[in-house]
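Below is my_file_5.txt, holding compact mmCIF, N, CA and C atoms.
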# COMPACT_ATOMS: atom_id res chain seq x y z
N MET F 38 96.69 91.44 75.42
CA MET F 38 96.60 90.32 76.33
C MET F 38 95.60 89.31 75.74
N SER F 39 96.02 88.05 75.71
CA SER F 39 95.13 87.02 75.16
C SER F 39 93.94 86.79 76.08
N LYS F 40 92.90 86.22 75.53
CA LYS F 40 91.69 85.95 76.33
C LYS F 40 91.99 84.98 77.47
N GLU F 41 92.83 83.97 77.19
CA GLU F 41 93.17 83.00 78.24
C GLU F 41 93.95 83.68 79.37
N ARG F 42 94.92 84.51 78.99
CA ARG F 42 95.72 85.23 79.98
C ARG F 42 94.85 86.17 80.81
N GLU F 43 93.94 86.85 80.15
CA GLU F 43 93.01 87.76 80.82
C GLU F 43 92.12 87.00 81.80
N ALA F 44 91.63 85.84 81.37
CA ALA F 44 90.76 85.03 82.24
C ALA F 44 91.54 84.50 83.45
N LEU F 45 92.78 84.06 83.23
CA LEU F 45 93.59 83.56 84.34
C LEU F 45 93.93 84.67 85.33
N THR F 46 94.27 85.84 84.82
CA THR F 46 94.56 86.98 85.68
C THR F 46 93.34 87.35 86.50
N LYS F 47 92.17 87.38 85.88
CA LYS F 47 90.93 87.68 86.59
C LYS F 47 90.66 86.64 87.67
N GLN F 48 90.91 85.37 87.36
CA GLN F 48 90.69 84.31 88.33
C GLN F 48 91.60 84.50 89.55
N ILE F 49 92.86 84.84 89.33
CA ILE F 49 93.79 85.08 90.44
C ILE F 49 93.32 86.26 91.28
N LEU F 50 92.91 87.35 90.62
CA LEU F 50 92.43 88.52 91.36
C LEU F 50 91.17 88.21 92.16
N ASP F 51 90.26 87.45 91.57
CA ASP F 51 89.04 87.06 92.28
C ASP F 51 89.37 86.21 93.51
N LEU F 52 90.30 85.27 93.35
CA LEU F 52 90.70 84.43 94.48
C LEU F 52 91.38 85.27 95.56
N SER F 53 92.21 86.23 95.15
CA SER F 53 92.86 87.13 96.12
C SER F 53 91.81 87.92 96.90
N ASP F 54 90.80 88.41 96.19
CA ASP F 54 89.72 89.14 96.86
C ASP F 54 89.04 88.26 97.91
N GLN F 55 88.80 87.00 97.56
CA GLN F 55 88.15 86.10 98.50
C GLN F 55 89.02 85.87 99.74
N ILE F 56 90.33 85.74 99.53
CA ILE F 56 91.24 85.56 100.67
C ILE F 56 91.20 86.79 101.57
N PHE F 57 91.32 87.99 100.97
CA PHE F 57 91.28 89.22 101.77
C PHE F 57 89.95 89.37 102.49
N ASN F 58 88.85 89.02 101.86
CA ASN F 58 87.54 89.13 102.50
C ASN F 58 87.42 88.20 103.70
N ILE F 59 88.11 87.08 103.67
CA ILE F 59 88.11 86.17 104.82
C ILE F 59 89.01 86.71 105.93
N LEU F 60 90.14 87.31 105.54
CA LEU F 60 91.11 87.77 106.54
C LEU F 60 90.75 89.08 107.20
N ILE F 61 90.17 90.01 106.47
CA ILE F 61 89.94 91.37 106.97
C ILE F 61 89.15 91.41 108.29
N PRO F 62 88.11 90.61 108.46
CA PRO F 62 87.41 90.68 109.75
C PRO F 62 88.29 90.35 110.95
N GLY F 63 89.41 89.69 110.72
CA GLY F 63 90.30 89.33 111.82
C GLY F 63 91.43 90.32 112.07
N LEU F 64 91.38 91.49 111.41
CA LEU F 64 92.42 92.50 111.63
C LEU F 64 92.47 92.86 113.11
N PRO F 65 93.67 93.06 113.64
CA PRO F 65 93.80 93.42 115.06
C PRO F 65 93.02 94.69 115.39
N GLU F 66 92.29 94.65 116.49
CA GLU F 66 91.45 95.78 116.88
C GLU F 66 92.26 97.05 117.11
N ASP F 67 93.48 96.91 117.65
CA ASP F 67 94.29 98.11 117.90
C ASP F 67 94.66 98.80 116.60
N TRP F 68 94.76 98.06 115.50
CA TRP F 68 95.02 98.69 114.21
C TRP F 68 93.78 99.43 113.74
N LEU F 69 92.64 98.81 113.93
CA LEU F 69 91.39 99.42 113.48
C LEU F 69 91.03 100.68 114.27
N THR F 70 91.48 100.77 115.51
CA THR F 70 91.16 101.92 116.35
C THR F 70 92.34 102.87 116.52
N SER F 71 93.37 102.72 115.71
CA SER F 71 94.60 103.48 115.92
C SER F 71 94.58 104.88 115.34
N ASP F 72 93.56 105.25 114.60
CA ASP F 72 93.47 106.58 114.01
C ASP F 72 94.66 106.86 113.08
N VAL F 73 95.03 105.85 112.30
CA VAL F 73 96.13 105.96 111.35
C VAL F 73 95.56 105.71 109.96
N THR F 74 95.87 106.63 109.04
CA THR F 74 95.39 106.46 107.67
C THR F 74 96.21 105.38 106.96
N LEU F 75 95.72 104.96 105.82
CA LEU F 75 96.43 103.95 105.04
C LEU F 75 97.82 104.46 104.63
N VAL F 76 97.91 105.72 104.22
CA VAL F 76 99.21 106.30 103.83
C VAL F 76 100.16 106.30 105.03
N GLN F 77 99.66 106.69 106.19
CA GLN F 77 100.49 106.70 107.39
C GLN F 77 100.93 105.28 107.74
N MET F 78 100.03 104.32 107.59
CA MET F 78 100.39 102.92 107.88
C MET F 78 101.47 102.44 106.93
N ARG F 79 101.41 102.86 105.67
CA ARG F 79 102.46 102.49 104.71
C ARG F 79 103.81 103.00 105.18
N VAL F 80 103.85 104.24 105.67
CA VAL F 80 105.10 104.81 106.18
C VAL F 80 105.58 103.98 107.37
N LEU F 81 104.69 103.65 108.29
CA LEU F 81 105.06 102.85 109.45
C LEU F 81 105.61 101.48 109.03
N LEU F 82 104.98 100.86 108.04
CA LEU F 82 105.44 99.55 107.59
C LEU F 82 106.79 99.63 106.88
N ILE F 83 107.03 100.72 106.14
CA ILE F 83 108.35 100.91 105.52
C ILE F 83 109.42 101.04 106.60
N LEU F 84 109.15 101.87 107.61
CA LEU F 84 110.11 102.04 108.70
C LEU F 84 110.28 100.75 109.49
N HIS F 85 109.21 99.98 109.62
CA HIS F 85 109.30 98.71 110.33
C HIS F 85 110.18 97.73 109.58
N SER F 86 109.98 97.63 108.28
CA SER F 86 110.72 96.62 107.50
C SER F 86 112.12 97.07 107.10
N GLU F 87 112.34 98.38 106.95
CA GLU F 87 113.63 98.85 106.45
C GLU F 87 114.45 99.63 107.47
N GLY F 88 113.85 99.96 108.61
CA GLY F 88 114.59 100.66 109.66
C GLY F 88 114.66 102.16 109.43
N VAL F 89 115.68 102.77 110.00
CA VAL F 89 115.87 104.22 109.94
C VAL F 89 115.96 104.67 108.49
N LYS F 90 115.23 105.75 108.16
CA LYS F 90 115.22 106.29 106.80
C LYS F 90 115.37 107.79 106.84
N ARG F 91 116.06 108.31 105.86
CA ARG F 91 116.08 109.75 105.64
C ARG F 91 114.71 110.15 105.13
N MET F 92 114.33 111.39 105.38
CA MET F 92 113.04 111.89 104.90
C MET F 92 112.95 111.74 103.38
N SER F 93 114.04 112.05 102.69
CA SER F 93 114.05 111.94 101.22
C SER F 93 113.89 110.49 100.76
N GLU F 94 114.43 109.54 101.51
CA GLU F 94 114.29 108.13 101.17
C GLU F 94 112.83 107.67 101.36
N LEU F 95 112.22 108.15 102.44
CA LEU F 95 110.81 107.83 102.67
C LEU F 95 109.95 108.38 101.55
N ALA F 96 110.21 109.63 101.16
CA ALA F 96 109.45 110.26 100.07
C ALA F 96 109.60 109.45 98.80
N SER F 97 110.80 109.01 98.52
CA SER F 97 111.05 108.21 97.32
C SER F 97 110.31 106.87 97.39
N ALA F 98 110.39 106.22 98.55
CA ALA F 98 109.71 104.93 98.72
C ALA F 98 108.20 105.05 98.56
N MET F 99 107.67 106.21 98.96
CA MET F 99 106.23 106.46 98.87
C MET F 99 105.84 107.14 97.56
N ASN F 100 106.85 107.41 96.72
CA ASN F 100 106.62 108.06 95.43
C ASN F 100 105.88 109.39 95.60
N THR F 101 106.41 110.21 96.51
CA THR F 101 105.80 111.51 96.78
C THR F 101 106.90 112.55 97.01
N ALA F 102 106.52 113.79 97.04
CA ALA F 102 107.48 114.87 97.28
C ALA F 102 107.92 114.88 98.74
N THR F 103 109.14 115.35 98.97
CA THR F 103 109.65 115.43 100.34
C THR F 103 108.77 116.33 101.20
N SER F 104 108.27 117.41 100.62
CA SER F 104 107.40 118.31 101.40
C SER F 104 106.12 117.60 101.84
N THR F 105 105.56 116.77 100.98
CA THR F 105 104.37 115.99 101.34
C THR F 105 104.70 114.99 102.43
N MET F 106 105.86 114.34 102.28
CA MET F 106 106.27 113.35 103.28
C MET F 106 106.51 114.02 104.62
N THR F 107 107.01 115.24 104.62
CA THR F 107 107.23 115.98 105.87
C THR F 107 105.92 116.15 106.62
N GLY F 108 104.85 116.49 105.90
CA GLY F 108 103.53 116.64 106.53
C GLY F 108 103.02 115.32 107.11
N ILE F 109 103.22 114.23 106.38
CA ILE F 109 102.79 112.91 106.86
C ILE F 109 103.57 112.54 108.12
N VAL F 110 104.87 112.74 108.07
CA VAL F 110 105.71 112.40 109.23
C VAL F 110 105.38 113.31 110.41
N ASP F 111 105.11 114.59 110.16
CA ASP F 111 104.70 115.49 111.25
C ASP F 111 103.51 114.91 112.01
N THR F 112 102.53 114.43 111.28
CA THR F 112 101.34 113.85 111.90
C THR F 112 101.70 112.61 112.71
N LEU F 113 102.57 111.76 112.15
CA LEU F 113 102.97 110.54 112.86
C LEU F 113 103.79 110.87 114.11
N VAL F 114 104.57 111.94 114.06
CA VAL F 114 105.32 112.39 115.24
C VAL F 114 104.34 112.86 116.32
N ARG F 115 103.33 113.66 115.92
CA ARG F 115 102.32 114.14 116.89
C ARG F 115 101.57 112.98 117.54
N LYS F 116 101.36 111.91 116.78
CA LYS F 116 100.66 110.74 117.32
C LYS F 116 101.58 109.84 118.14
N GLY F 117 102.86 110.19 118.20
CA GLY F 117 103.82 109.42 119.00
C GLY F 117 104.26 108.13 118.34
N LEU F 118 104.11 108.02 117.03
CA LEU F 118 104.45 106.78 116.33
C LEU F 118 105.82 106.81 115.64
N VAL F 119 106.31 108.01 115.35
CA VAL F 119 107.59 108.17 114.66
C VAL F 119 108.42 109.20 115.40
N ILE F 120 109.72 108.98 115.38
CA ILE F 120 110.67 109.95 115.93
C ILE F 120 111.47 110.51 114.76
N ARG F 121 111.54 111.84 114.73
CA ARG F 121 112.28 112.54 113.67
C ARG F 121 113.46 113.23 114.33
N GLU F 122 114.64 113.05 113.74
CA GLU F 122 115.86 113.63 114.31
C GLU F 122 116.75 114.15 113.19
N ALA F 123 117.67 115.04 113.57
CA ALA F 123 118.70 115.49 112.63
C ALA F 123 119.81 114.44 112.62
N ASP F 124 120.36 114.18 111.46
CA ASP F 124 121.46 113.24 111.32
C ASP F 124 122.67 113.80 112.08
N SER F 125 123.33 112.98 112.88
CA SER F 125 124.47 113.45 113.69
C SER F 125 125.65 113.88 112.83
N GLN F 126 125.75 113.37 111.60
CA GLN F 126 126.87 113.72 110.73
C GLN F 126 126.53 114.91 109.81
N ASP F 127 125.24 115.15 109.59
CA ASP F 127 124.83 116.26 108.73
C ASP F 127 123.49 116.78 109.24
N ARG F 128 123.52 117.87 109.98
CA ARG F 128 122.32 118.39 110.64
C ARG F 128 121.22 118.78 109.66
N ARG F 129 121.56 118.96 108.38
CA ARG F 129 120.55 119.30 107.38
C ARG F 129 119.69 118.09 106.99
N VAL F 130 120.20 116.90 107.28
CA VAL F 130 119.51 115.66 106.91
C VAL F 130 118.58 115.25 108.04
N VAL F 131 117.33 114.97 107.71
CA VAL F 131 116.34 114.54 108.69
C VAL F 131 116.17 113.02 108.57
N ILE F 132 116.32 112.33 109.69
CA ILE F 132 116.11 110.88 109.70
C ILE F 132 114.88 110.55 110.54
N CYS F 133 114.23 109.47 110.17
CA CYS F 133 112.99 109.05 110.85
C CYS F 133 113.12 107.59 111.26
N HIS F 134 112.57 107.29 112.40
CA HIS F 134 112.47 105.90 112.84
C HIS F 134 111.26 105.74 113.73
N LEU F 135 110.85 104.51 113.92
CA LEU F 135 109.66 104.24 114.72
C LEU F 135 109.93 104.48 116.19
N SER F 136 108.93 105.02 116.86
CA SER F 136 108.95 105.08 118.33
C SER F 136 108.56 103.69 118.83
N GLU F 137 108.61 103.52 120.12
CA GLU F 137 108.18 102.23 120.69
C GLU F 137 106.71 101.96 120.34
N LYS F 138 105.89 103.00 120.45
CA LYS F 138 104.46 102.86 120.13
C LYS F 138 104.27 102.52 118.64
N GLY F 139 105.03 103.17 117.76
CA GLY F 139 104.95 102.90 116.32
C GLY F 139 105.42 101.50 116.00
N ASN F 140 106.45 101.05 116.70
CA ASN F 140 106.96 99.70 116.48
C ASN F 140 105.96 98.65 116.93
N GLU F 141 105.28 98.92 118.04
CA GLU F 141 104.25 97.99 118.52
C GLU F 141 103.11 97.88 117.51
N LEU F 142 102.66 99.02 116.98
CA LEU F 142 101.55 99.02 116.04
C LEU F 142 101.93 98.33 114.73
N SER F 143 103.01 98.75 114.11
CA SER F 143 103.40 98.16 112.82
C SER F 143 103.87 96.72 113.00
N GLY F 144 104.60 96.46 114.08
CA GLY F 144 105.06 95.10 114.35
C GLY F 144 103.91 94.15 114.59
N GLY F 145 102.89 94.65 115.27
CA GLY F 145 101.71 93.82 115.52
C GLY F 145 100.99 93.47 114.23
N LEU F 146 100.87 94.44 113.35
CA LEU F 146 100.22 94.18 112.06
C LEU F 146 101.06 93.23 111.22
N TRP F 147 102.36 93.42 111.22
CA TRP F 147 103.28 92.56 110.47
C TRP F 147 103.17 91.12 110.99
N LYS F 148 103.20 90.99 112.32
CA LYS F 148 103.11 89.66 112.94
C LYS F 148 101.76 89.02 112.63
N TRP F 149 100.69 89.82 112.67
CA TRP F 149 99.36 89.30 112.35
C TRP F 149 99.35 88.75 110.92
N GLY F 150 99.94 89.48 109.98
CA GLY F 150 99.99 89.03 108.60
C GLY F 150 100.74 87.71 108.47
N GLN F 151 101.86 87.61 109.17
CA GLN F 151 102.64 86.36 109.15
C GLN F 151 101.81 85.20 109.71
N GLN F 152 101.08 85.47 110.78
CA GLN F 152 100.24 84.42 111.39
C GLN F 152 99.15 83.96 110.42
N GLN F 153 98.60 84.90 109.65
CA GLN F 153 97.54 84.54 108.70
C GLN F 153 98.09 83.66 107.58
N VAL F 154 99.28 83.98 107.10
CA VAL F 154 99.91 83.15 106.07
C VAL F 154 100.20 81.76 106.64
N LYS F 155 100.74 81.72 107.85
CA LYS F 155 101.04 80.45 108.49
C LYS F 155 99.77 79.61 108.65
N ARG F 156 98.68 80.27 109.03
CA ARG F 156 97.40 79.58 109.20
C ARG F 156 96.92 78.99 107.87
N MET F 157 97.09 79.77 106.78
CA MET F 157 96.66 79.27 105.46
C MET F 157 97.48 78.06 105.03
N LEU F 158 98.74 78.00 105.45
CA LEU F 158 99.64 76.95 105.00
C LEU F 158 99.63 75.70 105.88
N GLN F 159 99.17 75.81 107.11
CA GLN F 159 99.35 74.72 108.08
C GLN F 159 98.63 73.42 107.71
N THR F 160 97.57 73.49 106.94
CA THR F 160 96.85 72.25 106.61
C THR F 160 97.21 71.71 105.22
N LEU F 161 98.16 72.36 104.54
CA LEU F 161 98.59 71.86 103.24
C LEU F 161 99.54 70.68 103.43
N ASN F 162 99.48 69.73 102.50
CA ASN F 162 100.44 68.63 102.56
C ASN F 162 101.77 69.09 101.95
N ASN F 163 102.80 68.25 102.02
CA ASN F 163 104.13 68.65 101.56
C ASN F 163 104.16 69.01 100.08
N ASP F 164 103.44 68.26 99.25
CA ASP F 164 103.42 68.57 97.82
C ASP F 164 102.78 69.94 97.57
N GLN F 165 101.71 70.24 98.29
CA GLN F 165 101.06 71.54 98.14
C GLN F 165 101.98 72.66 98.65
N LEU F 166 102.70 72.41 99.75
CA LEU F 166 103.64 73.40 100.27
C LEU F 166 104.77 73.67 99.28
N LYS F 167 105.27 72.61 98.65
CA LYS F 167 106.33 72.78 97.65
C LYS F 167 105.82 73.62 96.48
N LEU F 168 104.59 73.39 96.06
CA LEU F 168 104.00 74.18 94.99
C LEU F 168 103.86 75.64 95.44
N ALA F 169 103.44 75.86 96.68
CA ALA F 169 103.30 77.22 97.21
C ALA F 169 104.66 77.92 97.28
N VAL F 170 105.70 77.19 97.69
CA VAL F 170 107.05 77.77 97.75
C VAL F 170 107.50 78.17 96.35
N GLY F 171 107.32 77.29 95.38
CA GLY F 171 107.73 77.60 94.01
C GLY F 171 106.99 78.81 93.46
N THR F 172 105.70 78.87 93.68
CA THR F 172 104.90 79.99 93.20
C THR F 172 105.32 81.29 93.88
N THR F 173 105.54 81.24 95.19
CA THR F 173 105.95 82.43 95.93
C THR F 173 107.31 82.91 95.45
N GLN F 174 108.24 81.99 95.23
CA GLN F 174 109.56 82.37 94.73
C GLN F 174 109.45 83.01 93.35
N PHE F 175 108.63 82.44 92.50
CA PHE F 175 108.45 82.99 91.16
C PHE F 175 107.87 84.41 91.23
N LEU F 176 106.86 84.60 92.08
CA LEU F 176 106.25 85.93 92.21
C LEU F 176 107.26 86.94 92.76
N LEU F 177 108.07 86.53 93.73
CA LEU F 177 109.09 87.42 94.30
C LEU F 177 110.12 87.80 93.25
N GLU F 178 110.61 86.83 92.50
CA GLU F 178 111.59 87.11 91.45
C GLU F 178 111.01 88.05 90.40
N ASN F 179 109.76 87.83 90.04
CA ASN F 179 109.11 88.69 89.05
C ASN F 179 108.96 90.12 89.58
N LEU F 180 108.59 90.25 90.84
CA LEU F 180 108.45 91.57 91.45
C LEU F 180 109.79 92.30 91.50
N LYS F 181 110.85 91.58 91.88
CA LYS F 181 112.19 92.17 91.92
C LYS F 181 112.60 92.63 90.51
N ARG F 182 112.31 91.82 89.51
CA ARG F 182 112.63 92.15 88.13
C ARG F 182 111.88 93.40 87.70
N GLN F 183 110.60 93.49 88.04
CA GLN F 183 109.80 94.68 87.70
C GLN F 183 110.35 95.92 88.38
N ASN F 184 110.75 95.80 89.65
CA ASN F 184 111.30 96.95 90.38
C ASN F 184 112.63 97.39 89.78
N THR F 185 113.43 96.45 89.32
CA THR F 185 114.70 96.78 88.69
C THR F 185 114.45 97.53 87.38
N LEU F 186 113.46 97.09 86.62
CA LEU F 186 113.14 97.74 85.35
C LEU F 186 112.59 99.15 85.56
N ALA F 187 111.89 99.35 86.69
CA ALA F 187 111.27 100.65 86.98
C ALA F 187 112.32 101.69 87.39
N GLU F 188 113.47 101.24 87.86
CA GLU F 188 114.51 102.18 88.34
C GLU F 188 115.23 102.82 87.23
Just dump the structure as structure tokens.
Amino acid sequence: MSKEREALTKQILDLSDQIFNILIPGLPEDWLTSDVTLVQMRVLLILHSEGVKRMSELASAMNTATSTMTGIVDTLVRKGLVIREADSQDRRVVICHLSEKGNELSGGLWKWGQQQVKRMLQTLNNDQLKLAVGTTQFLLENLKRQNTLAE
């Protein structure tokens, strides 16, 4: 990596840290008091954004073993955040989806994140917004390309 590229990458990471440091104090209190670990929250957010998932699909999305995912989901079921059921077409297949309580928690965090992005963008002029759209599109395309290469 060239020195210029390294310096630019560091600058982006430093700016990202500053943004997160400004946003974190405003995290919804119900998320902070929900007794949910970061790993469990990742599972909730996957189910929130992608809907019903097989246990094996969740394990794959989390890059973990199905047995490990079973333990994580067991805890989320006990907390009333996830519902686990047998697939109606194949009883050997376990499917998971959010309970109403899980949907409220993950949906609230998702909505909070959207509100924070909207707040950051609301005072930008049109030229700045166009630049932000272009940058966001480029980052999304790059991420999709990386995920395709990883498969």
(message) Residues within 8 Å of Leu146 in chain F, please, as an MDAnalysis selection string. Count only N, CA and C atoms; anything in the same chain fewer than 4 positions from it doesn't count.
(response) chainID F and resid 64:65 68 140:142 150:152
(request) Name the closest residue to Arg91 in chain F among the candidates F:Leu177, F:His134, F:Gly63, F:Leu45; distances are taken between atoms, counting only N, CA and C atoms. (result)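 Looking at the shortest contact to Arg91 in chain F, the residue is F:His134.
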(request) List every residue of chain F that DSSP, applied to the backbone of this structure, assigns to strand (DSSP E), and report them as a list in words. (result)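 Taking chain F and keeping strand (DSSP E) gives Lys90, Arg91, Val119, Ile120, Arg121, Glu122, Ala123, Val131, Ile132, Cys133, His134 and Leu135 of chain F.
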Given the selection you just returned, output its residues as a file containing N, CA and C atoms, formatted as a PDB file, keeping the file's coordinate frame.
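File written: result.pdb
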ATOM      1  N   LYS F  90     115.230 105.750 108.160  1.00  0.00           N
ATOM      2  CA  LYS F  90     115.220 106.290 106.800  1.00  0.00           C
ATOM      3  C   LYS F  90     115.370 107.790 106.840  1.00  0.00           C
ATOM      4  N   ARG F  91     116.060 108.310 105.860  1.00  0.00           N
ATOM      5  CA  ARG F  91     116.080 109.750 105.640  1.00  0.00           C
ATOM      6  C   ARG F  91     114.710 110.150 105.130  1.00  0.00           C
ATOM      7  N   VAL F 119     106.310 108.010 115.350  1.00  0.00           N
ATOM      8  CA  VAL F 119     107.590 108.170 114.660  1.00  0.00           C
ATOM      9  C   VAL F 119     108.420 109.200 115.400  1.00  0.00           C
ATOM     10  N   ILE F 120     109.720 108.980 115.380  1.00  0.00           N
ATOM     11  CA  ILE F 120     110.670 109.950 115.930  1.00  0.00           C
ATOM     12  C   ILE F 120     111.470 110.510 114.760  1.00  0.00           C
ATOM     13  N   ARG F 121     111.540 111.840 114.730  1.00  0.00           N
ATOM     14  CA  ARG F 121     112.280 112.540 113.670  1.00  0.00           C
ATOM     15  C   ARG F 121     113.460 113.230 114.330  1.00  0.00           C
ATOM     16  N   GLU F 122     114.640 113.050 113.740  1.00  0.00           N
ATOM     17  CA  GLU F 122     115.860 113.630 114.310  1.00  0.00           C
ATOM     18  C   GLU F 122     116.750 114.150 113.190  1.00  0.00           C
ATOM     19  N   ALA F 123     117.670 115.040 113.570  1.00  0.00           N
ATOM     20  CA  ALA F 123     118.700 115.490 112.630  1.00  0.00           C
ATOM     21  C   ALA F 123     119.810 114.440 112.620  1.00  0.00           C
ATOM     22  N   VAL F 131     117.330 114.970 107.710  1.00  0.00           N
ATOM     23  CA  VAL F 131     116.340 114.540 108.690  1.00  0.00           C
ATOM     24  C   VAL F 131     116.170 113.020 108.570  1.00  0.00           C
ATOM     25  N   ILE F 132     116.320 112.330 109.690  1.00  0.00           N
ATOM     26  CA  ILE F 132     116.110 110.880 109.700  1.00  0.00           C
ATOM     27  C   ILE F 132     114.880 110.550 110.540  1.00  0.00           C
ATOM     28  N   CYS F 133     114.230 109.470 110.170  1.00  0.00           N
ATOM     29  CA  CYS F 133     112.990 109.050 110.850  1.00  0.00           C
ATOM     30  C   CYS F 133     113.120 107.590 111.260  1.00  0.00           C
ATOM     31  N   HIS F 134     112.570 107.290 112.400  1.00  0.00           N
ATOM     32  CA  HIS F 134     112.470 105.900 112.840  1.00  0.00           C
ATOM     33  C   HIS F 134     111.260 105.740 113.730  1.00  0.00           C
ATOM     34  N   LEU F 135     110.850 104.510 113.920  1.00  0.00           N
ATOM     35  CA  LEU F 135     109.660 104.240 114.720  1.00  0.00           C
ATOM     36  C   LEU F 135     109.930 104.480 116.190  1.00  0.00           C
TER      37      LEU F 135
END
(request) Could you please determine the separation between atom C of Val114 in chain F and CA of Leu135 in chain F in Å, to one decimal place? (result)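 Value for the atom C of Val114 in chain F-CA of Leu135 in chain F distance: 10.3 Å.
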(request) Identify, with DSSP run on backbone atoms, the residues in range 52-155 of chain F assigned to helix (DSSP H, G or I), and express the list as a ChimeraX atom specification. (result) /F:52-63,66-69,75-87,92-98,103-115,137-155
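Taking atom C of Leu82 in chain F as the reference point, atom N of Leu95 in chain F is found at 11.0 Å.
The coordinates place CA of Gly88 in chain F at 11.2 Å from CA of Ser136 in chain F.
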(request) Please provide the set of residues having any atom within 6.5 Å of Leu81 in chain F, restricted to all atoms listed in the file, with same-chain residues fewer than 5 positions apart removed, written as a ChimeraX atom specification. (result) /F:76,86,143
May I have the residues from that selection written out with N, CA and C atoms, as a PDB file, keeping the file's coordinate frame?
ATOM      1  N   VAL F  76      97.910 105.720 104.220  1.00  0.00           N
ATOM      2  CA  VAL F  76      99.210 106.300 103.830  1.00  0.00           C
ATOM      3  C   VAL F  76     100.160 106.300 105.030  1.00  0.00           C
ATOM      4  N   SER F  86     109.980  97.630 108.280  1.00  0.00           N
ATOM      5  CA  SER F  86     110.720  96.620 107.500  1.00  0.00           C
ATOM      6  C   SER F  86     112.120  97.070 107.100  1.00  0.00           C
ATOM      7  N   SER F 143     103.010  98.750 114.110  1.00  0.00           N
ATOM      8  CA  SER F 143     103.400  98.160 112.820  1.00  0.00           C
ATOM      9  C   SER F 143     103.870  96.720 113.000  1.00  0.00           C
TER      10      SER F 143
END
(request) Would you kindly return, as number ranges by chain, each protein, DNA or RNA residue with an atom no farther than 10 Å from any atom of range 118-122 of chain F, considering only C-alpha atoms and excluding same-chain residues fewer than 2 positions away? (result) F: 73, 77, 80-81, 84, 89-92, 107, 110-116, 124-125, 128, 130-143
